[in-house]
>>> print(open('query.txt').read())   # compact mmCIF, C-alpha atoms and all ligand atoms
# COMPACT_ATOMS: atom_id res chain seq x y z
CA MET A 99 -57.28 69.79 164.55
CA LYS A 100 -54.31 71.77 165.94
CA ARG A 101 -51.02 70.02 166.59
CA THR A 102 -48.14 70.45 169.01
CA GLN A 103 -45.28 68.23 170.12
CA VAL A 104 -45.93 68.34 173.87
CA ALA A 105 -49.29 69.36 175.35
CA ILE A 106 -48.78 70.59 178.90
CA VAL A 107 -51.77 70.54 181.24
CA GLY A 108 -51.41 73.12 184.05
CA ALA A 109 -49.54 76.45 184.25
CA GLY A 110 -48.21 76.08 187.77
CA PRO A 111 -44.43 76.13 188.27
CA ALA A 112 -44.08 72.59 186.85
CA GLY A 113 -45.96 73.27 183.61
CA LEU A 114 -44.42 76.71 183.01
CA LEU A 115 -40.88 75.51 183.74
CA LEU A 116 -41.23 72.50 181.45
CA GLY A 117 -42.61 74.76 178.72
CA GLN A 118 -39.65 77.10 179.04
CA LEU A 119 -37.00 74.35 179.00
CA LEU A 120 -38.60 72.68 175.97
CA HIS A 121 -38.98 75.99 174.16
CA LYS A 122 -35.22 76.63 174.55
CA GLU A 123 -34.67 73.21 172.98
CA GLY A 124 -36.88 74.10 169.99
CA ILE A 125 -39.66 71.69 171.03
CA ASP A 126 -43.22 73.02 170.51
CA THR A 127 -45.57 73.08 173.47
CA LEU A 128 -49.10 74.23 174.21
CA ILE A 129 -49.99 75.00 177.83
CA LEU A 130 -53.62 74.54 178.90
CA GLU A 131 -54.56 76.08 182.26
CA ARG A 132 -57.94 75.93 183.93
CA ARG A 133 -57.62 79.22 185.85
CA SER A 134 -57.00 82.79 184.69
CA ALA A 135 -53.44 84.14 184.39
CA GLU A 136 -54.20 86.63 187.21
CA TYR A 137 -55.31 83.84 189.54
CA VAL A 138 -52.25 81.69 188.78
CA GLY A 139 -49.94 84.69 189.26
CA SER A 140 -51.31 85.60 192.66
CA ARG A 141 -51.23 82.22 194.45
CA ILE A 142 -49.11 82.38 197.62
CA ARG A 143 -47.23 79.16 198.24
CA ALA A 144 -43.65 77.96 198.60
CA GLY A 145 -40.52 80.01 199.20
CA VAL A 146 -37.42 77.89 199.85
CA LEU A 147 -35.36 76.79 196.84
CA GLU A 148 -32.68 74.12 196.85
CA PRO A 149 -29.49 74.98 194.92
CA GLY A 150 -30.45 72.29 192.38
CA THR A 151 -33.77 74.07 191.72
CA VAL A 152 -31.91 77.36 191.20
CA ASP A 153 -29.69 75.55 188.66
CA VAL A 154 -32.76 74.33 186.75
CA LEU A 155 -34.24 77.84 186.72
CA GLU A 156 -30.90 79.15 185.43
CA ARG A 157 -30.95 76.55 182.69
CA ALA A 158 -34.43 77.75 181.74
CA GLY A 159 -33.06 81.31 181.51
CA VAL A 160 -35.36 82.69 184.23
CA ALA A 161 -32.99 83.21 187.17
CA SER A 162 -31.74 86.80 186.78
CA ARG A 163 -34.33 88.40 189.11
CA LEU A 164 -33.97 85.44 191.47
CA HIS A 165 -30.23 86.12 191.75
CA ALA A 166 -30.82 89.85 192.23
CA GLU A 167 -33.62 89.59 194.82
CA GLY A 168 -33.42 86.08 196.34
CA LEU A 169 -32.00 85.77 199.83
CA ILE A 170 -29.32 83.15 200.51
CA HIS A 171 -29.78 81.35 203.83
CA ASP A 172 -26.83 79.37 205.16
CA GLY A 173 -28.72 77.84 208.08
CA VAL A 174 -32.08 77.14 209.70
CA GLU A 175 -33.03 77.20 213.35
CA ILE A 176 -35.11 74.87 215.47
CA GLY A 177 -36.78 76.25 218.58
CA PHE A 178 -37.34 73.78 221.39
CA ARG A 179 -37.89 74.20 225.14
CA GLY A 180 -37.27 77.94 224.91
CA GLN A 181 -33.91 77.66 223.11
CA ARG A 182 -32.97 78.00 219.45
CA HIS A 183 -30.57 75.53 217.87
CA ARG A 184 -28.98 76.40 214.55
CA ILE A 185 -28.36 73.83 211.83
CA ASP A 186 -25.47 75.29 209.87
CA LEU A 187 -26.33 74.12 206.35
CA LYS A 188 -23.28 75.75 204.80
CA ALA A 189 -20.75 74.30 207.24
CA LEU A 190 -22.36 70.85 207.03
CA THR A 191 -22.89 70.61 203.27
CA GLY A 192 -21.07 73.54 201.63
CA LYS A 193 -24.47 74.78 200.40
CA GLY A 194 -27.30 77.06 201.47
CA VAL A 195 -30.86 77.56 200.23
CA THR A 196 -32.42 80.54 198.42
CA VAL A 197 -35.55 82.25 199.71
CA TYR A 198 -37.57 83.52 196.73
CA GLY A 199 -41.36 83.26 196.61
CA GLN A 200 -43.14 80.82 194.31
CA THR A 201 -45.27 83.77 193.19
CA GLU A 202 -42.12 85.50 191.89
CA ILE A 203 -40.96 82.34 190.08
CA THR A 204 -44.39 82.07 188.48
CA HIS A 205 -44.19 85.70 187.30
CA ASP A 206 -40.68 85.17 185.88
CA LEU A 207 -41.83 82.04 184.03
CA MET A 208 -45.04 83.66 182.73
CA ASN A 209 -43.04 86.65 181.44
CA ALA A 210 -40.53 84.35 179.75
CA ARG A 211 -43.35 82.38 178.10
CA ALA A 212 -45.03 85.57 176.88
CA ALA A 213 -41.69 86.81 175.47
CA SER A 214 -41.10 83.48 173.70
CA GLY A 215 -44.41 83.69 171.86
CA ALA A 216 -45.17 80.05 172.77
CA PRO A 217 -48.94 79.53 173.15
CA SER A 218 -50.82 79.23 176.45
CA VAL A 219 -54.57 78.99 176.90
CA TYR A 220 -55.81 80.24 180.27
CA GLU A 221 -59.35 79.51 181.43
CA ALA A 222 -59.36 76.28 179.40
CA GLU A 223 -62.42 74.31 180.56
CA ASP A 224 -63.20 70.60 180.52
CA VAL A 225 -59.67 69.54 179.61
CA ALA A 226 -59.76 65.82 178.74
CA LEU A 227 -56.98 63.44 177.65
CA HIS A 228 -57.49 60.82 174.92
CA GLU A 229 -55.66 57.86 173.35
CA LEU A 230 -52.92 57.83 175.96
CA ALA A 231 -51.87 54.26 175.32
CA GLY A 232 -51.10 54.82 171.62
CA THR A 233 -48.51 57.04 169.93
CA SER A 234 -50.96 59.81 168.90
CA PRO A 235 -52.60 61.18 172.05
CA ARG A 236 -55.03 64.09 171.95
CA VAL A 237 -56.25 66.73 174.35
CA SER A 238 -59.67 68.32 174.12
CA TYR A 239 -60.89 71.44 175.93
CA ARG A 240 -63.35 74.30 175.70
CA HIS A 241 -62.30 77.93 175.59
CA GLN A 242 -64.76 80.85 175.57
CA GLY A 243 -67.52 78.42 174.71
CA VAL A 244 -65.71 76.87 171.71
CA ALA A 245 -64.59 73.22 171.66
CA HIS A 246 -60.97 72.53 170.63
CA GLU A 247 -58.86 69.43 170.10
CA VAL A 248 -55.07 69.21 169.89
CA ALA A 249 -53.03 66.29 168.57
CA CYS A 250 -49.60 65.78 170.11
CA ASP A 251 -46.73 63.36 170.67
CA PHE A 252 -46.80 63.57 174.47
CA ILE A 253 -48.92 64.97 177.29
CA ALA A 254 -47.27 66.38 180.40
CA GLY A 255 -49.68 66.21 183.34
CA CYS A 256 -48.55 69.22 185.41
CA ASP A 257 -52.02 70.03 186.76
CA GLY A 258 -51.47 69.62 190.48
CA PHE A 259 -53.15 67.39 193.03
CA HIS A 260 -56.73 68.08 191.89
CA GLY A 261 -56.04 67.96 188.15
CA VAL A 262 -57.41 65.70 185.44
CA SER A 263 -54.14 63.99 184.40
CA ARG A 264 -53.65 61.54 187.28
CA ARG A 265 -57.36 60.69 187.14
CA SER A 266 -56.94 59.77 183.45
CA ILE A 267 -54.69 56.83 184.35
CA PRO A 268 -56.72 53.64 184.86
CA ALA A 269 -57.11 52.72 188.54
CA SER A 270 -55.79 49.25 187.74
CA VAL A 271 -52.44 50.80 186.77
CA LEU A 272 -52.04 53.42 189.48
CA LYS A 273 -50.86 52.63 193.00
CA VAL A 274 -51.45 55.31 195.60
CA PHE A 275 -49.66 55.77 198.94
CA GLU A 276 -51.08 58.32 201.33
CA ARG A 277 -50.89 59.68 204.87
CA VAL A 278 -53.14 62.48 206.08
CA TYR A 279 -51.92 64.27 209.21
CA PRO A 280 -54.33 65.19 212.00
CA PHE A 281 -53.65 68.96 211.75
CA GLY A 282 -53.13 71.79 209.27
CA TRP A 283 -51.09 74.97 208.94
CA LEU A 284 -52.62 78.41 209.32
CA GLY A 285 -50.38 80.77 207.32
CA LEU A 286 -50.25 84.56 207.42
CA LEU A 287 -48.41 86.85 204.99
CA ALA A 288 -47.61 90.40 206.13
CA ASP A 289 -45.57 93.35 204.91
CA VAL A 290 -43.23 93.86 207.83
CA PRO A 291 -39.41 93.45 207.96
CA PRO A 292 -38.67 90.02 209.44
CA PRO A 293 -36.83 90.18 212.78
CA TRP A 294 -35.33 86.75 212.04
CA HIS A 295 -32.53 86.23 209.49
CA GLU A 296 -33.18 82.54 208.86
CA LEU A 297 -36.23 80.30 209.10
CA ILE A 298 -37.16 79.22 212.64
CA TYR A 299 -39.06 75.93 213.02
CA ALA A 300 -40.51 75.78 216.55
CA ASN A 301 -41.68 72.69 218.38
CA SER A 302 -43.58 74.12 221.35
CA GLU A 303 -45.92 72.68 223.96
CA ARG A 304 -48.77 74.46 222.14
CA GLY A 305 -47.86 73.05 218.74
CA PHE A 306 -45.66 73.85 215.76
CA ALA A 307 -44.87 77.34 214.46
CA LEU A 308 -42.69 78.52 211.59
CA ALA A 309 -41.14 81.96 211.25
CA SER A 310 -40.35 82.42 207.59
CA LEU A 311 -39.97 85.22 205.07
CA ARG A 312 -40.37 86.02 201.41
CA SER A 313 -38.23 89.19 201.15
CA PRO A 314 -36.49 91.77 203.41
CA THR A 315 -39.88 93.43 203.92
CA ARG A 316 -42.31 90.49 203.94
CA VAL A 317 -42.85 87.71 206.50
CA ARG A 318 -44.67 84.41 206.06
CA CYS A 319 -45.54 82.79 209.39
CA TYR A 320 -47.44 79.63 210.24
CA VAL A 321 -49.00 77.96 213.28
CA GLN A 322 -50.19 74.37 213.49
CA CYS A 323 -53.99 74.39 213.72
CA SER A 324 -56.85 71.95 213.97
CA LEU A 325 -58.36 70.54 210.78
CA GLU A 326 -61.71 71.91 211.96
CA ASP A 327 -60.35 75.48 212.20
CA ARG A 328 -61.63 78.09 209.77
CA VAL A 329 -59.61 81.11 208.61
CA GLU A 330 -62.47 83.47 209.44
CA ASN A 331 -62.26 82.36 213.07
CA TRP A 332 -58.69 83.67 213.35
CA SER A 333 -58.27 87.44 213.58
CA ASP A 334 -54.76 88.75 212.84
CA GLU A 335 -54.38 89.54 216.57
CA GLN A 336 -55.28 85.99 217.55
CA PHE A 337 -52.79 84.63 215.02
CA TRP A 338 -49.94 86.80 216.30
CA ASP A 339 -50.78 86.04 219.95
CA GLU A 340 -50.60 82.30 219.24
CA PHE A 341 -47.48 82.64 217.10
CA ARG A 342 -45.72 84.56 219.91
CA ARG A 343 -46.57 81.89 222.47
CA ARG A 344 -44.87 79.27 220.28
CA ILE A 345 -41.90 80.97 218.63
CA GLY A 346 -39.82 81.76 221.73
CA ASP A 347 -39.43 84.89 223.87
CA GLU A 348 -36.80 86.74 221.87
CA MET A 349 -38.68 86.72 218.55
CA ALA A 350 -42.03 87.12 220.32
CA ALA A 351 -40.81 90.46 221.66
CA ARG A 352 -39.58 91.59 218.24
CA ILE A 353 -42.47 90.82 215.90
CA SER A 354 -45.31 93.33 215.68
CA ASN A 355 -49.00 92.66 215.00
CA ALA A 356 -48.71 93.41 211.28
CA PRO A 357 -51.99 93.24 209.32
CA SER A 358 -52.26 90.20 207.06
CA ILE A 359 -52.26 90.56 203.29
CA GLU A 360 -53.17 86.87 202.96
CA LYS A 361 -54.25 84.21 205.42
CA SER A 362 -55.08 80.60 204.65
CA ILE A 363 -55.26 77.09 206.09
CA ALA A 364 -53.57 74.16 204.34
CA PRO A 365 -54.07 70.53 205.40
CA LEU A 366 -50.91 68.40 205.65
CA ARG A 367 -50.64 65.29 203.51
CA SER A 368 -48.05 62.84 202.19
CA PHE A 369 -49.08 61.30 198.87
CA VAL A 370 -47.36 59.42 196.03
CA ALA A 371 -48.94 57.95 192.89
CA GLU A 372 -46.93 55.31 191.04
CA PRO A 373 -46.00 55.10 188.21
CA LEU A 374 -45.63 58.63 186.82
CA ARG A 375 -46.11 57.38 183.26
CA PHE A 376 -49.03 55.85 181.41
CA GLY A 377 -48.32 55.42 177.69
CA ARG A 378 -47.72 58.92 176.33
CA LEU A 379 -48.83 60.70 179.53
CA PHE A 380 -46.17 61.79 182.05
CA LEU A 381 -47.09 63.22 185.45
CA ALA A 382 -44.86 65.86 187.07
CA GLY A 383 -45.06 67.86 190.31
CA ASP A 384 -48.08 67.89 192.61
CA ALA A 385 -50.05 65.84 190.04
CA ALA A 386 -47.98 62.85 191.16
CA HIS A 387 -47.03 63.61 194.76
CA ILE A 388 -47.69 65.83 197.74
CA VAL A 389 -45.41 66.42 200.72
CA PRO A 390 -46.30 68.20 203.94
CA PRO A 391 -44.64 71.64 203.61
CA THR A 392 -42.42 71.18 206.71
CA GLY A 393 -39.43 70.05 204.62
CA ALA A 394 -39.95 72.79 201.96
CA LYS A 395 -39.81 70.13 199.24
CA GLY A 396 -43.01 70.50 197.13
CA LEU A 397 -41.77 73.07 194.65
CA ASN A 398 -38.27 71.58 194.61
CA LEU A 399 -39.60 68.14 193.72
CA ALA A 400 -41.71 69.64 190.95
CA ALA A 401 -38.50 71.18 189.54
CA SER A 402 -36.59 67.88 189.60
CA ASP A 403 -39.47 65.97 187.93
CA VAL A 404 -39.53 68.65 185.24
CA LEU A 405 -35.78 68.47 184.70
CA TYR A 406 -35.99 64.69 184.28
CA LEU A 407 -38.96 64.95 181.91
CA TYR A 408 -37.23 67.64 179.86
CA GLU A 409 -34.09 65.49 179.57
CA SER A 410 -36.16 62.45 178.54
CA LEU A 411 -38.08 64.39 175.87
CA ARG A 412 -34.91 66.06 174.59
CA SER A 413 -33.26 62.68 174.17
CA PHE A 414 -36.37 61.40 172.36
CA TYR A 415 -36.40 64.27 169.87
CA ARG A 416 -32.62 64.59 169.46
CA GLU A 417 -31.53 60.97 169.47
CA LYS A 418 -34.81 59.17 168.77
CA SER A 419 -34.19 57.30 172.03
CA GLU A 420 -37.05 56.15 174.26
CA ARG A 421 -34.71 55.12 177.05
CA GLY A 422 -35.11 58.37 179.00
CA LEU A 423 -38.89 58.09 178.72
CA ASP A 424 -38.77 54.50 179.99
CA GLU A 425 -36.58 55.56 182.90
CA TYR A 426 -38.60 58.66 183.78
CA SER A 427 -40.90 57.20 186.42
CA PRO A 428 -38.35 55.10 188.37
CA ARG A 429 -35.82 57.92 188.16
CA CYS A 430 -38.31 60.41 189.63
CA LEU A 431 -39.62 58.02 192.26
CA LYS A 432 -36.21 57.52 193.84
CA ARG A 433 -35.90 61.24 194.62
CA ILE A 434 -39.62 61.61 195.41
CA TRP A 435 -39.56 58.90 198.09
CA ARG A 436 -36.45 60.41 199.70
CA ALA A 437 -38.12 63.82 199.84
CA GLU A 438 -41.28 62.15 201.18
CA ARG A 439 -39.21 60.51 203.92
CA PHE A 440 -37.55 63.78 204.90
CA SER A 441 -40.81 65.74 204.86
CA TRP A 442 -42.52 63.06 206.97
CA TRP A 443 -39.54 63.09 209.40
CA MET A 444 -39.58 66.89 209.78
CA THR A 445 -43.35 66.84 210.26
CA SER A 446 -43.14 64.00 212.81
CA GLN A 447 -40.46 65.73 214.89
CA LEU A 448 -41.94 69.22 215.02
CA HIS A 449 -45.73 68.96 215.48
CA ARG A 450 -47.94 68.07 218.43
CA PHE A 451 -49.83 64.88 217.68
CA PRO A 452 -53.05 64.29 219.64
CA ASP A 453 -52.92 61.74 222.50
CA ASP A 454 -49.47 60.42 221.77
CA ALA A 455 -47.35 60.49 224.94
CA PHE A 456 -44.92 57.90 223.59
CA GLY A 457 -44.56 59.84 220.34
CA ARG A 458 -43.81 63.01 222.32
CA ARG A 459 -40.96 61.29 224.18
CA MET A 460 -39.63 60.04 220.84
CA GLN A 461 -39.70 63.60 219.48
CA GLU A 462 -37.86 64.94 222.53
CA THR A 463 -35.24 62.22 222.23
CA GLU A 464 -34.85 62.70 218.49
CA LEU A 465 -34.43 66.47 218.82
CA GLU A 466 -31.92 66.17 221.70
CA TYR A 467 -29.92 63.75 219.57
CA LEU A 468 -30.10 66.11 216.59
CA PHE A 469 -28.79 69.05 218.64
CA GLU A 470 -25.91 66.99 220.06
CA SER A 471 -24.83 64.93 217.06
CA ARG A 472 -23.01 66.42 214.09
CA ALA A 473 -23.83 63.26 212.12
CA ALA A 474 -27.58 63.77 212.72
CA GLN A 475 -27.27 67.45 211.77
CA GLN A 476 -25.41 66.50 208.62
CA SER A 477 -28.18 64.11 207.63
CA MET A 478 -30.81 66.80 208.15
CA ALA A 479 -28.73 69.43 206.33
CA GLU A 480 -28.03 67.35 203.23
CA ASN A 481 -31.72 66.57 202.88
CA TYR A 482 -32.75 70.18 203.54
CA VAL A 483 -30.48 71.59 200.80
CA GLY A 484 -31.64 68.79 198.50
CA LEU A 485 -30.24 65.41 197.54
CA PRO A 486 -28.40 65.25 194.20
CA PHE A 487 -30.27 64.71 190.95
CA GLU A 488 -30.18 61.22 189.48
CA PRO A 489 -28.27 61.18 186.20
CA MET A 490 -30.16 59.88 183.18
CA GLY A 491 -29.04 56.35 182.42
CA GLY A 492 -27.79 56.02 186.03
CA SER A 493 -28.13 52.90 188.10
C1 LIG B 501 -51.17 76.48 200.51
C2 LIG B 501 -49.89 75.83 200.02
C3 LIG B 501 -48.67 76.16 200.61
C4 LIG B 501 -47.48 75.56 200.17
N1 LIG B 501 -46.30 75.89 200.78
C5 LIG B 501 -45.18 75.30 200.34
C6 LIG B 501 -43.93 75.60 200.93
O1 LIG B 501 -43.82 76.39 201.85
N2 LIG B 501 -42.82 74.99 200.43
C7 LIG B 501 -42.89 74.10 199.36
O2 LIG B 501 -41.84 73.58 198.90
N3 LIG B 501 -44.06 73.80 198.80
C8 LIG B 501 -45.19 74.37 199.26
N4 LIG B 501 -46.35 74.08 198.68
C9 LIG B 501 -46.32 73.15 197.56
C10 LIG B 501 -45.92 73.84 196.28
O3 LIG B 501 -46.56 75.08 196.17
C11 LIG B 501 -46.30 72.89 195.17
O4 LIG B 501 -45.54 71.71 195.34
C12 LIG B 501 -46.08 73.46 193.78
O5 LIG B 501 -46.99 74.49 193.51
C13 LIG B 501 -46.23 72.36 192.74
O6 LIG B 501 -46.28 72.91 191.47
P1 LIG B 501 -47.14 72.22 190.34
O7 LIG B 501 -46.92 73.06 189.13
O8 LIG B 501 -46.82 70.78 190.29
O9 LIG B 501 -48.66 72.28 190.81
P2 LIG B 501 -49.61 73.54 191.02
O10 LIG B 501 -48.84 74.70 191.52
O11 LIG B 501 -50.75 73.05 191.82
O12 LIG B 501 -50.10 73.89 189.56
C14 LIG B 501 -51.03 73.09 188.87
C15 LIG B 501 -51.79 73.95 187.87
O13 LIG B 501 -52.67 73.14 187.12
C16 LIG B 501 -53.92 73.80 187.00
N5 LIG B 501 -54.97 72.80 186.78
C17 LIG B 501 -55.55 71.98 187.69
N6 LIG B 501 -56.46 71.21 187.12
C18 LIG B 501 -56.48 71.53 185.80
C19 LIG B 501 -57.23 71.06 184.70
N7 LIG B 501 -58.16 70.13 184.84
N8 LIG B 501 -57.00 71.62 183.49
C20 LIG B 501 -56.04 72.57 183.34
N9 LIG B 501 -55.30 73.06 184.37
C21 LIG B 501 -55.53 72.54 185.58
C22 LIG B 501 -54.06 74.54 188.31
O14 LIG B 501 -54.97 75.62 188.21
C23 LIG B 501 -52.64 75.01 188.55
O15 LIG B 501 -52.36 76.26 187.97
C24 LIG B 501 -47.54 74.63 199.10
C25 LIG B 501 -48.76 74.32 198.50
C26 LIG B 501 -49.94 74.89 198.94
C27 LIG B 501 -51.26 74.51 198.29
>>> encode(input="query.txt", output="structure tokens")
Amino acid sequence: MKRTQVAIVGAGPAGLLLGQLLHKEGIDTLILERRSAEYVGSRIRAGVLEPGTVDVLERAGVASRLHAEGLIHDGVEIGFRGQRHRIDLKALTGKGVTVYGQTEITHDLMNARAASGAPSVYEAEDVALHELAGTSPRVSYRHQGVAHEVACDFIAGCDGFHGVSRRSIPASVLKVFERVYPFGWLGLLADVPPPWHELIYANSERGFALASLRSPTRVRCYVQCSLEDRVENWSDEQFWDEFRRRIGDEMAARISNAPSIEKSIAPLRSFVAEPLRFGRLFLAGDAAHIVPPTGAKGLNLAASDVLYLYESLRSFYREKSERGLDEYSPRCLKRIWRAERFSWWMTSQLHRFPDDAFGRRMQETELEYLFESRAAQQSMAENYVGLPFEPMGGS
């Protein structure tokens, strides 16, 4: 049987980042990923990074391209009743956010892992976790038809919402909190220079829209859609027509009908599983929680979980202390629930909910208050750029 110190399930941003941080610390890892490297490297997802996430990527030694190509945004805009209102993140918090696609982060992390020589197995099938409650857990899997088993000290469950790790925790231990929203986001990626300089979140009579970007030549735009909608029912022209109706006249006149290079529908969900630890298994990232993408928090939360797990494991191996491991779940959950609250708040204020006249008035009132009150803007801004990390051993 092979052996490693930390077996990492999943090569998304959480798994790859944890692998890189632990490798720099001299801790052995094996990454097991269900999909192919090409598939993982081509997934289009998040794009807004909090300064704290950039710090973690720097610490992992994978931030040089991010600094060269990432775009710093000092504000975001909210479109409402035909006007755009800017939330000046920099003036309100002293910080901005960095726009750099998750796909690029994944490439940077995959390249760093390949350069480090640390092992990864892509297309690992039937990954299963064993003996989690003891001190000698194991992971079994099949690769190219051959069965393998790996002994380890710890298992990091970084395998996303549909992975095997969370499901390996007994139902009697796990508590799940969930809200499914009655709409989804239809997203379109296109190679066209964005006419907007910062993200525009629009609350329109026809529903939510988001004007976003991934680079100076690539836009990522979304419209709120029905959960019954299918991507094949939306031509690019129909998407752009609907986007224009929602985003406001000025931007509507400036964006062209660029052909899509990717188009997909994502449902919106809030989800938290507690605790994030069962014996020697630790969940991190989407394996433990999902936020609706409105607050741009999913990837950022994955990065803070990973930082906390890395610090806990480092302290175990360096100082033989289990304190960080014991603290891991409550330490993560404090930040997770705050990001859940913010993502739920952004989602609640910006979308059209079916048959909810009272809710609509509440939205209007909330947004008017936000535009008029510096205190309300400050609250939004400090959440948007990311709340501080909890120190290990903190209260
Ligand atoms: C369509 C979409 C759009 C999004 N947009 C945004 C956004 O705009 N802003 C934002 O902040 N966040 C966004 N997110 C969320 C963000 O992308 C995630 O929070 C982030 O990818 C979490 O990283 P992760 O590594 O925890 O999970 P994942 O990226 O899901 O990675 C998990 C990995 O585990 C692998 N895996 C799963 N099961 C197994 C198994 N049994 N064995 C081995 N490997 C397995 C998967 O193949 C995958 O590679 C979006 C997510 C989606 C799906």
>>> residues_near_point(input="query.txt", point="(-60.7, 80.3, 207.1)", cutoff="8 Å", atoms="all atoms listed in the file", output="list of chain:residue names")
A:Asp327, A:Arg328, A:Val329, A:Glu330, A:Asn331, A:Trp332, A:Lys361, A:Ser362, A:Ile363
>>> residues_around(input="query.txt", residues="Trp294 in chain A", least_positions_apart="5", cutoff="12 Å", atoms="all atoms listed in the file", output="list in words")
His171, Gly173, Val174, Glu175, Arg182, Tyr299, Leu308, Ala309, Ser310, Leu311, Arg312, Ser313, Pro314, Thr315, Arg316, Val317, Arg318, Cys319, Ile345, Gly346, Glu348, Met349, Ala350, Ala351, Arg352 and Ile353 of chain A
>>> write_last_selection(input="query.txt", atoms="C-alpha atoms", output="PDB file, keeping the file's coordinate frame")
ATOM      1  CA  HIS A 171     -29.780  81.350 203.830  1.00  0.00           C
ATOM      2  CA  GLY A 173     -28.720  77.840 208.080  1.00  0.00           C
ATOM      3  CA  VAL A 174     -32.080  77.140 209.700  1.00  0.00           C
ATOM      4  CA  GLU A 175     -33.030  77.200 213.350  1.00  0.00           C
ATOM      5  CA  ARG A 182     -32.970  78.000 219.450  1.00  0.00           C
ATOM      6  CA  TYR A 299     -39.060  75.930 213.020  1.00  0.00           C
ATOM      7  CA  LEU A 308     -42.690  78.520 211.590  1.00  0.00           C
ATOM      8  CA  ALA A 309     -41.140  81.960 211.250  1.00  0.00           C
ATOM      9  CA  SER A 310     -40.350  82.420 207.590  1.00  0.00           C
ATOM     10  CA  LEU A 311     -39.970  85.220 205.070  1.00  0.00           C
ATOM     11  CA  ARG A 312     -40.370  86.020 201.410  1.00  0.00           C
ATOM     12  CA  SER A 313     -38.230  89.190 201.150  1.00  0.00           C
ATOM     13  CA  PRO A 314     -36.490  91.770 203.410  1.00  0.00           C
ATOM     14  CA  THR A 315     -39.880  93.430 203.920  1.00  0.00           C
ATOM     15  CA  ARG A 316     -42.310  90.490 203.940  1.00  0.00           C
ATOM     16  CA  VAL A 317     -42.850  87.710 206.500  1.00  0.00           C
ATOM     17  CA  ARG A 318     -44.670  84.410 206.060  1.00  0.00           C
ATOM     18  CA  CYS A 319     -45.540  82.790 209.390  1.00  0.00           C
ATOM     19  CA  ILE A 345     -41.900  80.970 218.630  1.00  0.00           C
ATOM     20  CA  GLY A 346     -39.820  81.760 221.730  1.00  0.00           C
ATOM     21  CA  GLU A 348     -36.800  86.740 221.870  1.00  0.00           C
ATOM     22  CA  MET A 349     -38.680  86.720 218.550  1.00  0.00           C
ATOM     23  CA  ALA A 350     -42.030  87.120 220.320  1.00  0.00           C
ATOM     24  CA  ALA A 351     -40.810  90.460 221.660  1.00  0.00           C
ATOM     25  CA  ARG A 352     -39.580  91.590 218.240  1.00  0.00           C
ATOM     26  CA  ILE A 353     -42.470  90.820 215.900  1.00  0.00           C
TER      27      ILE A 353
END
>>> residues_near_ligand(input="query.txt", ligand="ligand LIG 501 (chain B)", cutoff="7 Å", atoms="only C-alpha atoms and all ligand atoms", output="PyMOL selection string")
chain A and resi 107-113+130-133+138+142-146+200+222-225+256-262+363-364+382-385+388+391+394-398+400
>>> write_last_selection(input="query.txt", atoms="C-alpha atoms", output="compact mmCIF listing (two decimals), keeping the file's coordinate frame")
# COMPACT_ATOMS: atom_id res chain seq x y z
CA VAL A 107 -51.77 70.54 181.24
CA GLY A 108 -51.41 73.12 184.05
CA ALA A 109 -49.54 76.45 184.25
CA GLY A 110 -48.21 76.08 187.77
CA PRO A 111 -44.43 76.13 188.27
CA ALA A 112 -44.08 72.59 186.85
CA GLY A 113 -45.96 73.27 183.61
CA LEU A 130 -53.62 74.54 178.90
CA GLU A 131 -54.56 76.08 182.26
CA ARG A 132 -57.94 75.93 183.93
CA ARG A 133 -57.62 79.22 185.85
CA VAL A 138 -52.25 81.69 188.78
CA ILE A 142 -49.11 82.38 197.62
CA ARG A 143 -47.23 79.16 198.24
CA ALA A 144 -43.65 77.96 198.60
CA GLY A 145 -40.52 80.01 199.20
CA VAL A 146 -37.42 77.89 199.85
CA GLN A 200 -43.14 80.82 194.31
CA ALA A 222 -59.36 76.28 179.40
CA GLU A 223 -62.42 74.31 180.56
CA ASP A 224 -63.20 70.60 180.52
CA VAL A 225 -59.67 69.54 179.61
CA CYS A 256 -48.55 69.22 185.41
CA ASP A 257 -52.02 70.03 186.76
CA GLY A 258 -51.47 69.62 190.48
CA PHE A 259 -53.15 67.39 193.03
CA HIS A 260 -56.73 68.08 191.89
CA GLY A 261 -56.04 67.96 188.15
CA VAL A 262 -57.41 65.70 185.44
CA ILE A 363 -55.26 77.09 206.09
CA ALA A 364 -53.57 74.16 204.34
CA ALA A 382 -44.86 65.86 187.07
CA GLY A 383 -45.06 67.86 190.31
CA ASP A 384 -48.08 67.89 192.61
CA ALA A 385 -50.05 65.84 190.04
CA ILE A 388 -47.69 65.83 197.74
CA PRO A 391 -44.64 71.64 203.61
CA ALA A 394 -39.95 72.79 201.96
CA LYS A 395 -39.81 70.13 199.24
CA GLY A 396 -43.01 70.50 197.13
CA LEU A 397 -41.77 73.07 194.65
CA ASN A 398 -38.27 71.58 194.61
CA ALA A 400 -41.71 69.64 190.95
>>> residues_near_point(input="query.txt", point="(-30.5, 72.9, 218.6)", cutoff="8 Å", atoms="all atoms listed in the file", output="MDAnalysis selection string")
chainID A and resid 175:178 181:185 465:466 468:470
>>> residues_around(input="query.txt", residues="Lys100 in chain A", least_positions_apart="5", cutoff="7 Å", atoms="all atoms listed in the file", output="list in words")
Glu247, Val248 and Ala249 of chain A
>>> closest_residue(input="query.txt", among="A:Val197, A:Ala473, A:Ala158, A:Ala166", to="His295 in chain A", atoms="all atoms listed in the file")
A:Val197
